[in-house]
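K.L.:
My file is coords11.cif. It has mmCIF, C-alpha atoms:
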data_upload
#
loop_
_atom_site.group_PDB
_atom_site.id
_atom_site.type_symbol
_atom_site.label_atom_id
_atom_site.label_comp_id
_atom_site.auth_asym_id
_atom_site.auth_seq_id
_atom_site.Cartn_x
_atom_site.Cartn_y
_atom_site.Cartn_z
ATOM 1 C CA MET A 1 149.147 65.466 105.180
ATOM 2 C CA ASN A 2 150.970 63.943 108.143
ATOM 3 C CA PRO A 3 148.812 64.267 111.274
ATOM 4 C CA THR A 4 151.824 64.226 113.588
ATOM 5 C CA ALA A 5 153.298 67.206 111.765
ATOM 6 C CA LEU A 6 150.129 69.258 111.555
ATOM 7 C CA SER A 7 151.135 72.752 110.555
ATOM 8 C CA LEU A 8 149.905 75.571 108.409
ATOM 9 C CA PRO A 9 152.181 78.427 107.355
ATOM 10 C CA LEU A 10 151.370 81.784 108.938
ATOM 11 C CA PRO A 11 149.783 83.356 105.817
ATOM 12 C CA ARG A 12 147.603 80.286 105.298
ATOM 13 C CA TYR A 13 146.141 80.052 108.774
ATOM 14 C CA LEU A 14 145.610 83.815 108.936
ATOM 15 C CA ALA A 15 143.641 83.530 105.695
ATOM 16 C CA GLU A 16 141.688 80.594 107.125
ATOM 17 C CA LEU A 17 140.893 82.600 110.257
ATOM 18 C CA ARG A 18 139.309 85.279 108.076
ATOM 19 C CA ARG A 19 137.443 82.706 105.984
ATOM 20 C CA ASP A 20 135.873 80.804 108.861
ATOM 21 C CA PRO A 21 132.237 82.000 109.209
ATOM 22 C CA ASN A 22 132.101 80.672 112.769
ATOM 23 C CA LEU A 23 134.658 83.238 113.931
ATOM 24 C CA ARG A 24 132.438 86.293 113.900
ATOM 25 C CA SER A 25 134.644 88.556 115.987
ATOM 26 C CA GLU A 26 137.811 90.219 114.729
ATOM 27 C CA HIS A 27 138.996 90.245 118.330
ATOM 28 C CA THR A 28 138.628 86.441 118.500
ATOM 29 C CA ARG A 29 140.494 86.011 115.234
ATOM 30 C CA VAL A 30 143.363 88.153 116.504
ATOM 31 C CA GLN A 31 143.496 86.193 119.774
ATOM 32 C CA TYR A 32 143.493 82.849 117.933
ATOM 33 C CA ALA A 33 146.289 84.016 115.622
ATOM 34 C CA SER A 34 148.348 85.090 118.627
ATOM 35 C CA ALA A 35 147.700 81.819 120.497
ATOM 36 C CA ILE A 36 148.573 79.692 117.463
ATOM 37 C CA GLY A 37 151.769 81.657 116.836
ATOM 38 C CA LYS A 38 152.833 81.284 120.477
ATOM 39 C CA PHE A 39 152.141 77.542 120.384
ATOM 40 C CA GLN A 40 154.059 76.990 117.167
ATOM 41 C CA ARG A 41 157.056 78.936 118.517
ATOM 42 C CA TRP A 42 157.043 76.722 121.627
ATOM 43 C CA GLN A 43 156.606 73.633 119.434
ATOM 44 C CA GLY A 44 159.879 74.470 117.722
ATOM 45 C CA GLY A 45 159.406 72.072 114.832
ATOM 46 C CA ARG A 46 158.664 69.062 117.045
ATOM 47 C CA LEU A 47 156.141 66.554 115.748
ATOM 48 C CA LEU A 48 152.685 67.506 116.941
ATOM 49 C CA SER A 49 150.809 64.916 118.927
ATOM 50 C CA ALA A 50 148.143 64.816 121.600
ATOM 51 C CA THR A 51 150.880 64.228 124.168
ATOM 52 C CA LEU A 52 152.821 67.302 123.010
ATOM 53 C CA LEU A 53 149.696 69.441 123.178
ATOM 54 C CA GLU A 54 149.001 68.227 126.714
ATOM 55 C CA GLU A 55 152.591 69.101 127.645
ATOM 56 C CA TYR A 56 152.122 72.614 126.264
ATOM 57 C CA LEU A 57 148.944 73.204 128.266
ATOM 58 C CA ALA A 58 150.645 71.935 131.429
ATOM 59 C CA THR A 59 153.586 74.264 130.722
ATOM 60 C CA LEU A 60 151.249 77.243 130.462
ATOM 61 C CA GLN A 61 149.723 76.376 133.817
ATOM 62 C CA GLN A 62 153.141 75.961 135.437
ATOM 63 C CA GLU A 63 154.134 79.395 134.111
ATOM 64 C CA GLY A 64 151.125 80.910 135.864
ATOM 65 C CA ALA A 65 148.913 81.513 132.832
ATOM 66 C CA SER A 66 145.281 82.191 133.712
ATOM 67 C CA GLN A 67 142.699 79.496 133.122
ATOM 68 C CA ASN A 68 141.168 81.640 130.389
ATOM 69 C CA THR A 69 144.524 81.834 128.598
ATOM 70 C CA VAL A 70 144.945 78.054 128.775
ATOM 71 C CA LYS A 71 141.395 77.521 127.493
ATOM 72 C CA GLN A 72 141.943 79.939 124.637
ATOM 73 C CA SER A 73 145.226 78.265 123.682
ATOM 74 C CA LEU A 74 143.512 74.875 123.548
ATOM 75 C CA ALA A 75 140.591 76.293 121.555
ATOM 76 C CA ALA A 76 142.986 77.857 119.042
ATOM 77 C CA VAL A 77 144.933 74.630 118.471
ATOM 78 C CA ARG A 78 141.680 72.662 118.206
ATOM 79 C CA TRP A 79 140.489 75.170 115.633
ATOM 80 C CA LEU A 80 143.729 74.725 113.704
ATOM 81 C CA ALA A 81 143.318 70.942 113.760
ATOM 82 C CA ARG A 82 139.716 71.083 112.553
ATOM 83 C CA ARG A 83 140.629 73.571 109.847
ATOM 84 C CA ALA A 84 143.459 71.332 108.679
ATOM 85 C CA VAL A 85 140.963 68.470 108.389
ATOM 86 C CA LYS A 86 138.703 70.654 106.252
ATOM 87 C CA ILE A 87 141.634 71.577 104.008
ATOM 88 C CA SER A 88 142.602 67.920 103.756
ATOM 89 C CA TRP A 89 139.122 67.017 102.485
ATOM 90 C CA GLU A 90 139.349 69.824 99.955
ATOM 91 C CA GLU A 91 142.861 69.084 98.704
ATOM 92 C CA GLN A 92 143.697 65.415 99.398
ATOM 93 C CA PRO A 93 142.356 62.087 98.082
ATOM 94 C CA GLN A 94 139.446 60.720 100.086
ATOM 95 C CA ALA A 95 141.397 57.854 101.666
ATOM 96 C CA GLU A 96 144.123 60.197 102.919
ATOM 97 C CA ALA A 97 141.589 62.712 104.193
ATOM 98 C CA GLU A 98 139.691 60.011 106.098
ATOM 99 C CA SER A 99 142.901 58.708 107.685
ATOM 100 C CA PHE A 100 144.008 62.230 108.596
ATOM 101 C CA GLU A 101 140.668 63.057 110.216
ATOM 102 C CA ARG A 102 140.770 59.890 112.352
ATOM 103 C CA ASP A 103 144.250 60.729 113.620
ATOM 104 C CA VAL A 104 143.431 64.361 114.339
ATOM 105 C CA GLN A 105 140.527 63.351 116.584
ATOM 106 C CA ARG A 106 143.069 62.571 119.316
ATOM 107 C CA LEU A 107 144.242 66.172 119.200
ATOM 108 C CA ILE A 108 140.717 67.533 119.292
ATOM 109 C CA GLY A 109 139.984 65.296 122.291
ATOM 110 C CA VAL A 110 142.742 66.789 124.459
ATOM 111 C CA THR A 111 141.415 68.425 127.633
ATOM 112 C CA ILE A 112 142.933 70.921 130.053
ATOM 113 C CA PRO A 113 144.862 69.397 132.978
ATOM 114 C CA LYS A 114 142.962 69.888 136.199
ATOM 115 C CA THR A 115 144.272 72.477 138.634
ATOM 116 C CA ALA A 116 142.878 74.245 141.650
ATOM 117 C CA GLN A 117 139.870 76.279 140.582
ATOM 118 C CA THR A 118 140.542 79.993 140.281
ATOM 119 C CA LEU A 119 138.157 82.895 140.510
ATOM 120 C CA PRO A 120 137.146 84.769 137.358
ATOM 121 C CA ALA A 121 139.419 87.643 136.438
ATOM 122 C CA GLY A 122 138.537 91.162 137.493
ATOM 123 C CA ARG A 123 136.906 92.749 140.505
ATOM 124 C CA HIS A 124 133.576 93.936 141.824
ATOM 125 C CA LEU A 125 132.764 97.602 141.295
ATOM 126 C CA SER A 126 131.070 99.653 143.989
ATOM 127 C CA ASP A 127 127.975 101.725 143.255
ATOM 128 C CA PRO A 128 129.922 104.989 143.842
ATOM 129 C CA GLU A 129 132.526 103.851 141.287
ATOM 130 C CA ILE A 130 129.884 103.174 138.638
ATOM 131 C CA GLU A 131 128.181 106.483 139.419
ATOM 132 C CA ALA A 132 131.525 108.287 139.070
ATOM 133 C CA LEU A 133 132.143 106.664 135.692
ATOM 134 C CA LEU A 134 128.699 107.699 134.445
ATOM 135 C CA ALA A 135 129.205 111.220 135.763
ATOM 136 C CA ALA A 136 132.510 111.378 133.884
ATOM 137 C CA CYS A 137 130.554 110.861 130.656
ATOM 138 C CA GLN A 138 128.366 113.926 131.198
ATOM 139 C CA ASP A 139 130.395 116.248 128.979
ATOM 140 C CA GLY A 140 127.687 117.002 126.412
ATOM 141 C CA THR A 141 129.573 115.275 123.577
ATOM 142 C CA PRO A 142 128.506 112.368 121.357
ATOM 143 C CA GLN A 143 131.351 110.355 122.886
ATOM 144 C CA GLY A 144 129.968 111.074 126.326
ATOM 145 C CA TYR A 145 126.462 109.918 125.412
ATOM 146 C CA ARG A 146 127.815 106.773 123.750
ATOM 147 C CA ASP A 147 130.142 105.872 126.608
ATOM 148 C CA ALA A 148 127.429 106.487 129.198
ATOM 149 C CA ALA A 149 125.100 104.163 127.296
ATOM 150 C CA MET A 150 127.738 101.435 127.051
ATOM 151 C CA ILE A 151 128.556 101.672 130.771
ATOM 152 C CA ALA A 152 124.875 101.752 131.733
ATOM 153 C CA VAL A 153 124.011 98.714 129.618
ATOM 154 C CA ALA A 154 127.071 96.791 130.818
ATOM 155 C CA SER A 155 126.316 97.468 134.472
ATOM 156 C CA ALA A 156 122.607 96.612 134.125
ATOM 157 C CA THR A 157 122.725 93.463 132.000
ATOM 158 C CA ALA A 158 126.012 91.584 132.668
ATOM 159 C CA ILE A 159 126.645 91.733 128.934
ATOM 160 C CA ARG A 160 130.062 90.692 127.604
ATOM 161 C CA ASN A 161 132.193 93.222 125.730
ATOM 162 C CA GLU A 162 131.837 91.384 122.425
ATOM 163 C CA GLU A 163 128.074 91.119 122.871
ATOM 164 C CA LEU A 164 127.885 94.825 123.692
ATOM 165 C CA ARG A 165 129.732 95.782 120.522
ATOM 166 C CA GLU A 166 127.501 93.604 118.350
ATOM 167 C CA LEU A 167 124.168 94.986 119.574
ATOM 168 C CA GLU A 168 121.922 96.094 116.715
ATOM 169 C CA PHE A 169 118.904 98.425 116.608
ATOM 170 C CA GLY A 170 116.540 95.526 116.047
ATOM 171 C CA ASP A 171 117.670 94.005 119.327
ATOM 172 C CA LEU A 172 115.924 96.669 121.435
ATOM 173 C CA GLU A 173 112.162 96.520 121.925
ATOM 174 C CA TYR A 174 110.282 98.890 124.220
ATOM 175 C CA THR A 175 107.614 97.350 126.446
ATOM 176 C CA PRO A 176 104.247 98.796 127.596
ATOM 177 C CA ASP A 177 105.440 99.088 131.201
ATOM 178 C CA GLY A 178 107.989 101.766 130.305
ATOM 179 C CA GLY A 179 110.948 99.426 130.093
ATOM 180 C CA ALA A 180 112.572 97.555 127.260
ATOM 181 C CA GLU A 181 113.822 94.130 126.315
ATOM 182 C CA LEU A 182 117.283 93.758 124.853
ATOM 183 C CA THR A 183 117.979 90.629 122.836
ATOM 184 C CA ILE A 184 121.604 89.556 122.969
ATOM 185 C CA ARG A 185 121.896 87.422 119.860
ATOM 186 C CA HIS A 186 125.568 86.644 119.696
ATOM 187 C CA GLY A 187 126.512 85.190 123.039
ATOM 188 C CA LYS A 188 128.883 82.264 123.389
ATOM 189 C CA GLY A 189 127.762 79.514 121.039
ATOM 190 C CA ASP A 190 125.508 82.053 119.329
ATOM 191 C CA LYS A 191 122.824 81.328 121.939
ATOM 192 C CA PRO A 192 120.489 84.334 122.169
ATOM 193 C CA ARG A 193 119.028 85.580 125.434
ATOM 194 C CA VAL A 194 116.733 88.443 126.451
ATOM 195 C CA VAL A 195 117.449 90.866 129.296
ATOM 196 C CA GLU A 196 115.235 93.629 130.664
ATOM 197 C CA ILE A 197 116.312 97.265 130.962
ATOM 198 C CA TYR A 198 114.564 99.944 132.988
ATOM 199 C CA GLY A 199 115.185 103.363 134.486
ATOM 200 C CA ALA A 200 118.494 105.184 134.139
ATOM 201 C CA PRO A 201 120.235 102.562 131.954
ATOM 202 C CA LEU A 202 117.390 102.665 129.456
ATOM 203 C CA ARG A 203 117.369 106.469 129.463
ATOM 204 C CA ALA A 204 121.111 106.493 128.756
ATOM 205 C CA LEU A 205 120.647 104.076 125.865
ATOM 206 C CA THR A 206 117.742 106.090 124.468
ATOM 207 C CA ARG A 207 119.706 109.349 124.748
ATOM 208 C CA TRP A 208 122.522 107.829 122.731
ATOM 209 C CA VAL A 209 120.130 106.632 120.012
ATOM 210 C CA GLU A 210 118.687 110.146 119.825
ATOM 211 C CA THR A 211 122.210 111.495 119.404
ATOM 212 C CA ARG A 212 123.441 109.085 116.724
ATOM 213 C CA GLY A 213 120.157 108.524 114.855
ATOM 214 C CA THR A 214 118.878 105.181 113.625
ATOM 215 C CA GLU A 215 120.838 104.999 110.401
ATOM 216 C CA GLY A 216 123.157 102.020 110.129
ATOM 217 C CA LYS A 217 123.162 98.621 111.770
ATOM 218 C CA PHE A 218 124.897 98.736 115.139
ATOM 219 C CA PHE A 219 124.088 100.582 118.347
ATOM 220 C CA PHE A 220 127.623 101.504 119.221
ATOM 221 C CA VAL A 221 129.838 102.909 116.481
ATOM 222 C CA ARG A 222 133.033 104.894 116.167
ATOM 223 C CA ILE A 223 133.105 108.674 116.507
ATOM 224 C CA ARG A 224 135.642 110.725 114.582
ATOM 225 C CA LYS A 225 137.565 113.677 115.918
ATOM 226 C CA GLY A 226 135.259 116.675 116.007
ATOM 227 C CA GLY A 227 132.321 114.559 117.167
ATOM 228 C CA GLN A 228 131.218 113.134 113.804
ATOM 229 C CA VAL A 229 129.317 109.925 114.521
ATOM 230 C CA GLU A 230 129.859 107.165 111.957
ATOM 231 C CA SER A 231 126.177 106.307 112.157
ATOM 232 C CA GLY A 232 125.992 104.813 108.679
ATOM 233 C CA SER A 233 128.872 102.437 109.303
ATOM 234 C CA GLU A 234 128.179 98.758 108.818
ATOM 235 C CA THR A 235 130.802 97.873 111.412
ATOM 236 C CA PRO A 236 130.532 98.412 115.177
ATOM 237 C CA ILE A 237 132.954 100.111 117.513
ATOM 238 C CA THR A 238 136.136 98.059 117.770
ATOM 239 C CA TYR A 239 137.403 96.223 120.819
ATOM 240 C CA GLU A 240 140.186 98.798 121.109
ATOM 241 C CA GLY A 241 137.561 101.533 120.849
ATOM 242 C CA THR A 242 135.666 100.220 123.860
ATOM 243 C CA ARG A 243 138.915 99.798 125.789
ATOM 244 C CA GLN A 244 140.001 103.385 125.135
ATOM 245 C CA ALA A 245 136.535 104.706 126.016
ATOM 246 C CA LEU A 246 136.690 103.006 129.413
ATOM 247 C CA ILE A 247 140.234 104.228 130.058
ATOM 248 C CA LYS A 248 139.141 107.795 129.295
ATOM 249 C CA ARG A 249 136.194 107.676 131.713
ATOM 250 C CA PHE A 250 138.330 105.924 134.340
ATOM 251 C CA ASN A 251 140.893 108.717 134.217
ATOM 252 C CA THR A 252 138.246 111.448 134.403
ATOM 253 C CA ALA A 253 136.363 109.777 137.247
ATOM 254 C CA ALA A 254 139.581 109.271 139.245
ATOM 255 C CA VAL A 255 138.498 105.771 140.257
ATOM 256 C CA SER A 256 141.242 104.346 142.444
ATOM 257 C CA GLU A 257 141.648 100.879 140.881
ATOM 258 C CA ARG A 258 141.896 99.841 137.244
ATOM 259 C CA LEU A 259 138.881 98.179 135.723
ATOM 260 C CA THR A 260 137.816 96.306 132.600
ATOM 261 C CA TRP A 261 134.509 95.806 130.820
ATOM 262 C CA HIS A 262 134.301 92.323 132.309
ATOM 263 C CA ASP A 263 134.200 93.876 135.791
ATOM 264 C CA PHE A 264 130.680 95.159 135.074
ATOM 265 C CA ARG A 265 129.593 91.605 134.279
ATOM 266 C CA ARG A 266 131.182 90.231 137.411
ATOM 267 C CA THR A 267 129.623 92.997 139.512
ATOM 268 C CA MET A 268 126.125 92.384 138.162
ATOM 269 C CA ILE A 269 126.365 88.637 138.748
ATOM 270 C CA GLY A 270 127.545 89.262 142.315
ATOM 271 C CA LYS A 271 124.591 91.556 142.956
ATOM 272 C CA LEU A 272 122.165 88.912 141.685
ATOM 273 C CA PHE A 273 123.596 86.351 144.100
ATOM 274 C CA ASP A 274 123.463 88.915 146.931
ATOM 275 C CA LYS A 275 119.750 89.286 146.212
ATOM 276 C CA ASN A 276 119.360 85.472 146.394
ATOM 277 C CA ALA A 277 118.185 85.299 142.793
ATOM 278 C CA ASP A 278 117.429 81.814 141.528
ATOM 279 C CA ILE A 279 120.384 80.252 139.693
ATOM 280 C CA SER A 280 118.254 79.586 136.599
ATOM 281 C CA THR A 281 117.303 83.279 136.509
ATOM 282 C CA ILE A 282 120.945 84.286 136.790
ATOM 283 C CA MET A 283 121.909 81.907 133.977
ATOM 284 C CA ASN A 284 119.154 83.313 131.767
ATOM 285 C CA ILE A 285 120.533 86.827 132.293
ATOM 286 C CA THR A 286 124.223 85.998 131.957
ATOM 287 C CA GLY A 287 124.084 83.321 129.274
ATOM 288 C CA HIS A 288 126.088 80.814 131.313
ATOM 289 C CA ALA A 289 125.480 77.212 130.254
ATOM 290 C CA ASN A 290 126.886 75.745 133.469
ATOM 291 C CA PRO A 291 125.566 76.826 136.898
ATOM 292 C CA GLU A 292 128.975 76.145 138.479
ATOM 293 C CA THR A 293 130.555 78.742 136.185
ATOM 294 C CA ALA A 294 128.059 81.361 137.339
ATOM 295 C CA LYS A 295 128.574 80.439 141.003
ATOM 296 C CA ARG A 296 132.304 81.177 140.733
ATOM 297 C CA TYR A 297 131.409 84.866 140.520
#
Would you encode the structure as structure tokens?

P.N.:
Amino acid sequence: MNPTALSLPLPRYLAELRRDPNLRSEHTRVQYASAIGKFQRWQGGRLLSATLLEEYLATLQQEGASQNTVKQSLAAVRWLARRAVKISWEEQPQAEAESFERDVQRLIGVTIPKTAQTLPAGRHLSDPEIEALLAACQDGTPQGYRDAAMIAVASATAIRNEELRELEFGDLEYTPDGGAELTIRHGKGDKPRVVEIYGAPLRALTRWVETRGTEGKFFFVRIRKGGQVESGSETPITYEGTRQALIKRFNTAAVSERLTWHDFRRTMIGKLFDKNADISTIMNITGHANPETAKRY
């Protein structure tokens, strides 16, 4: 393997994306595949080097790509480099694999060019907007109960979309004071954290559990046409499923501005700062590893 010409054919790296146990989310795998494809099209057959990768990241910034897009592009190429090293150890003589790994370290060490700091994507939601979204779910259907629970949990816990989809029944534990503790096990870096839920959000979550039953693994699952809940499914609701659910409630509620699931997280973090919550408390709730990242909200 030539480290300056690091490349895997499309079928191979797609297969490697599926094989990698560290990529738990199908959504992440799809995003990585897209980012790698875009990078390789821009590369245009040129020899890959740390300098070329730095040029690509700078190009993305000049084109107005968000900081998250640039970070994801870098993460995807780093993943590709590390995976190529693993393949080299599996398929090449030891001396060649060792040499390849040393050379690839320069690629893995590339960092994002510094630019003016931008605010996180999304917007803050008002209390009337959240109330309107919850009211839009009150249609007496399984979908309504599920969507209300997802919105309630998202607005009360600052949970990420991926974390929301991967919640399991064993992650909820009721407490003697009438509340509950929700363990979010699959945050960034697989670092678990515990958040408290009380009042209306907990009632919405409990109502959904009563509707779907406790069969199966995940809290939030797909619902077929006709209202049949796929309660026994061993896979959670998809990313597209959560997106469509929010679009449906947005349209019914007639909220004036578009919103995303991340807006609930941003809104909750903003409320915590408005209440002068301690930064360590906020980080424990949100799962941020860096206080400066949380402060940007």

K.L.:
Quick one: of A:Ala65, A:Asp263, A:Ala97, A:Val104, who's nearest to Arg82 of chain A, counting all atoms listed in the file?

P.N.:
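Once distances to Arg82 of chain A are computed over all atoms listed in the file, the minimum belongs to A:Val104.
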
K.L.:
When the PyMOL selection byres ((chain A and resi 85-90) around 10) is applied to the file above, which residues end up in the set, as a PyMOL selection string?

P.N.:
chain A and resi 1+3+6+16+79-84+91-105

K.L.:
Care to translate the PyMOL selection byres ((chain A and resi 23) around 12) into actual residues of this file, as a list in words?

P.N.:
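Going through the file, the PyMOL selection byres ((chain A and resi 23) around 12) ends up selecting Glu16, Leu17, Arg18, Arg19, Asp20, Pro21, Asn22, Arg24, Ser25, Glu26, His27, Thr28, Arg29, Val30, Gln31, Tyr32, Ala33, Ala75, Ala76, Trp79, His186, Lys188, Gly189 and Asp190 of chain A.
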
K.L.:
Just say which residues the PyMOL selection byres ((chain A and resi 172) around 10) picks in this file, as a list in words.

P.N.:
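Given this file, the PyMOL selection byres ((chain A and resi 172) around 10) evaluates to Leu167, Glu168, Phe169, Gly170, Asp171, Glu173, Tyr174, Thr175, Ala180, Glu181, Leu182, Thr183, Ile184, Val194, Val195, Glu196, Ile197, Leu205 and Phe219 of chain A.
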
K.L.:
What does the distance between atom CA of Ala204 of chain A and atom CA of Leu134 of chain A come to in Å, to one decimal place?

P.N.:
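Rounded to one decimal, the two atoms are 9.6 Å apart.
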
K.L.:
If we count only C-alpha atoms and set the cut-off at 12 Å, which residues sit around Ala136 of chain A, ignoring sequence neighbours fewer than 2 positions away in its own chain? Please answer as a PyMOL selection string.

P.N.:
chain A and resi 129-134+138-141+143-145+147-148+151+245-255

K.L.:
I need the residues from that last selection saved to file as a JSON list (two decimals), keeping the file's coordinate frame (with C-alpha atoms), if you can.

P.N.:
[["chain", "number", "residue", "atom", "x", "y", "z"],
["A", 129, "GLU", "CA", 132.53, 103.85, 141.29],
["A", 130, "ILE", "CA", 129.88, 103.17, 138.64],
["A", 131, "GLU", "CA", 128.18, 106.48, 139.42],
["A", 132, "ALA", "CA", 131.52, 108.29, 139.07],
["A", 133, "LEU", "CA", 132.14, 106.66, 135.69],
["A", 134, "LEU", "CA", 128.70, 107.70, 134.44],
["A", 138, "GLN", "CA", 128.37, 113.93, 131.20],
["A", 139, "ASP", "CA", 130.40, 116.25, 128.98],
["A", 140, "GLY", "CA", 127.69, 117.00, 126.41],
["A", 141, "THR", "CA", 129.57, 115.28, 123.58],
["A", 143, "GLN", "CA", 131.35, 110.36, 122.89],
["A", 144, "GLY", "CA", 129.97, 111.07, 126.33],
["A", 145, "TYR", "CA", 126.46, 109.92, 125.41],
["A", 147, "ASP", "CA", 130.14, 105.87, 126.61],
["A", 148, "ALA", "CA", 127.43, 106.49, 129.20],
["A", 151, "ILE", "CA", 128.56, 101.67, 130.77],
["A", 245, "ALA", "CA", 136.54, 104.71, 126.02],
["A", 246, "LEU", "CA", 136.69, 103.01, 129.41],
["A", 247, "ILE", "CA", 140.23, 104.23, 130.06],
["A", 248, "LYS", "CA", 139.14, 107.80, 129.29],
["A", 249, "ARG", "CA", 136.19, 107.68, 131.71],
["A", 250, "PHE", "CA", 138.33, 105.92, 134.34],
["A", 251, "ASN", "CA", 140.89, 108.72, 134.22],
["A", 252, "THR", "CA", 138.25, 111.45, 134.40],
["A", 253, "ALA", "CA", 136.36, 109.78, 137.25],
["A", 254, "ALA", "CA", 139.58, 109.27, 139.24],
["A", 255, "VAL", "CA", 138.50, 105.77, 140.26]]

K.L.:
Let me make sure I understand: among A:Arg243, A:Gly44, A:Gln61, A:Arg146, which one has the smallest atom-to-atom distance to Ile223 of chain A if we use all atoms listed in the file?

P.N.:
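Of the candidates, the smallest distance to Ile223 of chain A is held by A:Arg146.
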
K.L.:
Pick out the closest residue to His124 of chain A from this set: A:Lys271, A:Arg193, A:Arg203, A:Arg266. Count all atoms listed in the file.

P.N.:
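Result for the nearest residue to His124 of chain A: A:Arg266.
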
K.L.:
Atom CA of Val153 of chain A and atom CA of Glu166 of chain A, how far apart in Å?

P.N.:
12.9 Å

K.L.:
With distances taken over all atoms listed in the file, which residue among A:Gln43, A:Asn284, A:Ser233, A:Thr157 lies nearest Thr59 of chain A?

P.N.:
A:Gln43

K.L.:
Mind giving me the straight-line distance from atom CA of Arg12 of chain A to atom CA of Ile112 of chain A in Å, one decimal?

P.N.:
26.9 Å

K.L.:
Need the shell around Val229 of chain A: protein/DNA/RNA residues with any atom at most 8 Å away, counting only C-alpha atoms. Skip same-chain ones fewer than 4 positions apart. Format as an MDAnalysis selection string?

P.N.:
chainID A and resid 142 212 221:224

K.L.:
Which is closest to Tyr239 of chain A among A:Glu257, A:Asp127, A:Asp278, A:Glu162, if we use only C-alpha atoms?

P.N.:
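Residue with the minimum atom-to-atom distance to Tyr239 of chain A: A:Glu162.
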
K.L.:
Please determine, counting only C-alpha atoms, which residue among A:Val110, A:Thr235, A:Phe264, A:Lys225 has the shortest atom-to-atom distance to Met150 of chain A.

P.N.:
A:Phe264

K.L.:
Emit as JSON the padded axis-aligned box for all listed atoms of segment 65-72 of chain A, 5 Å per side, with centre and edge lengths in Å to one decimal.

P.N.:
{"center_x": 145.0, "center_y": 79.9, "center_z": 129.2, "size_x": 17.7, "size_y": 14.7, "size_z": 19.1}

K.L.:
Using the incomplete input, complete segment 254-265 of chain A to the level of N, CA and C atoms; output as a short mmCIF file (atom, residue, chain, number, x, y, z; two decimals), in the coordinates of the input.

P.N.:
data_model
loop_
_atom_site.label_atom_id
_atom_site.label_comp_id
_atom_site.auth_asym_id
_atom_site.auth_seq_id
_atom_site.Cartn_x
_atom_site.Cartn_y
_atom_site.Cartn_z
N ALA A 254 138.60 109.45 138.17
CA ALA A 254 139.58 109.27 139.24
C ALA A 254 139.23 108.09 140.13
N VAL A 255 138.74 107.01 139.52
CA VAL A 255 138.50 105.77 140.26
C VAL A 255 139.85 105.21 140.67
N SER A 256 139.93 104.69 141.88
CA SER A 256 141.24 104.35 142.44
C SER A 256 141.89 103.12 141.81
N GLU A 257 141.09 102.12 141.42
CA GLU A 257 141.65 100.88 140.88
C GLU A 257 141.26 100.71 139.41
N ARG A 258 142.17 100.11 138.65
CA ARG A 258 141.90 99.84 137.24
C ARG A 258 140.69 98.93 137.10
N LEU A 259 140.04 99.01 135.97
CA LEU A 259 138.88 98.18 135.72
C LEU A 259 138.82 97.79 134.25
N THR A 260 138.04 96.77 133.97
CA THR A 260 137.82 96.31 132.60
C THR A 260 136.31 96.18 132.37
N TRP A 261 135.94 95.99 131.12
CA TRP A 261 134.51 95.81 130.82
C TRP A 261 133.96 94.56 131.50
N HIS A 262 134.79 93.54 131.67
CA HIS A 262 134.30 92.32 132.31
C HIS A 262 133.94 92.55 133.78
N ASP A 263 134.52 93.58 134.39
CA ASP A 263 134.20 93.88 135.79
C ASP A 263 132.72 94.22 135.98
N PHE A 264 132.12 94.85 134.97
CA PHE A 264 130.68 95.16 135.07
C PHE A 264 129.87 93.87 135.11
N ARG A 265 130.29 92.90 134.31
CA ARG A 265 129.59 91.60 134.28
C ARG A 265 129.74 90.91 135.63
#
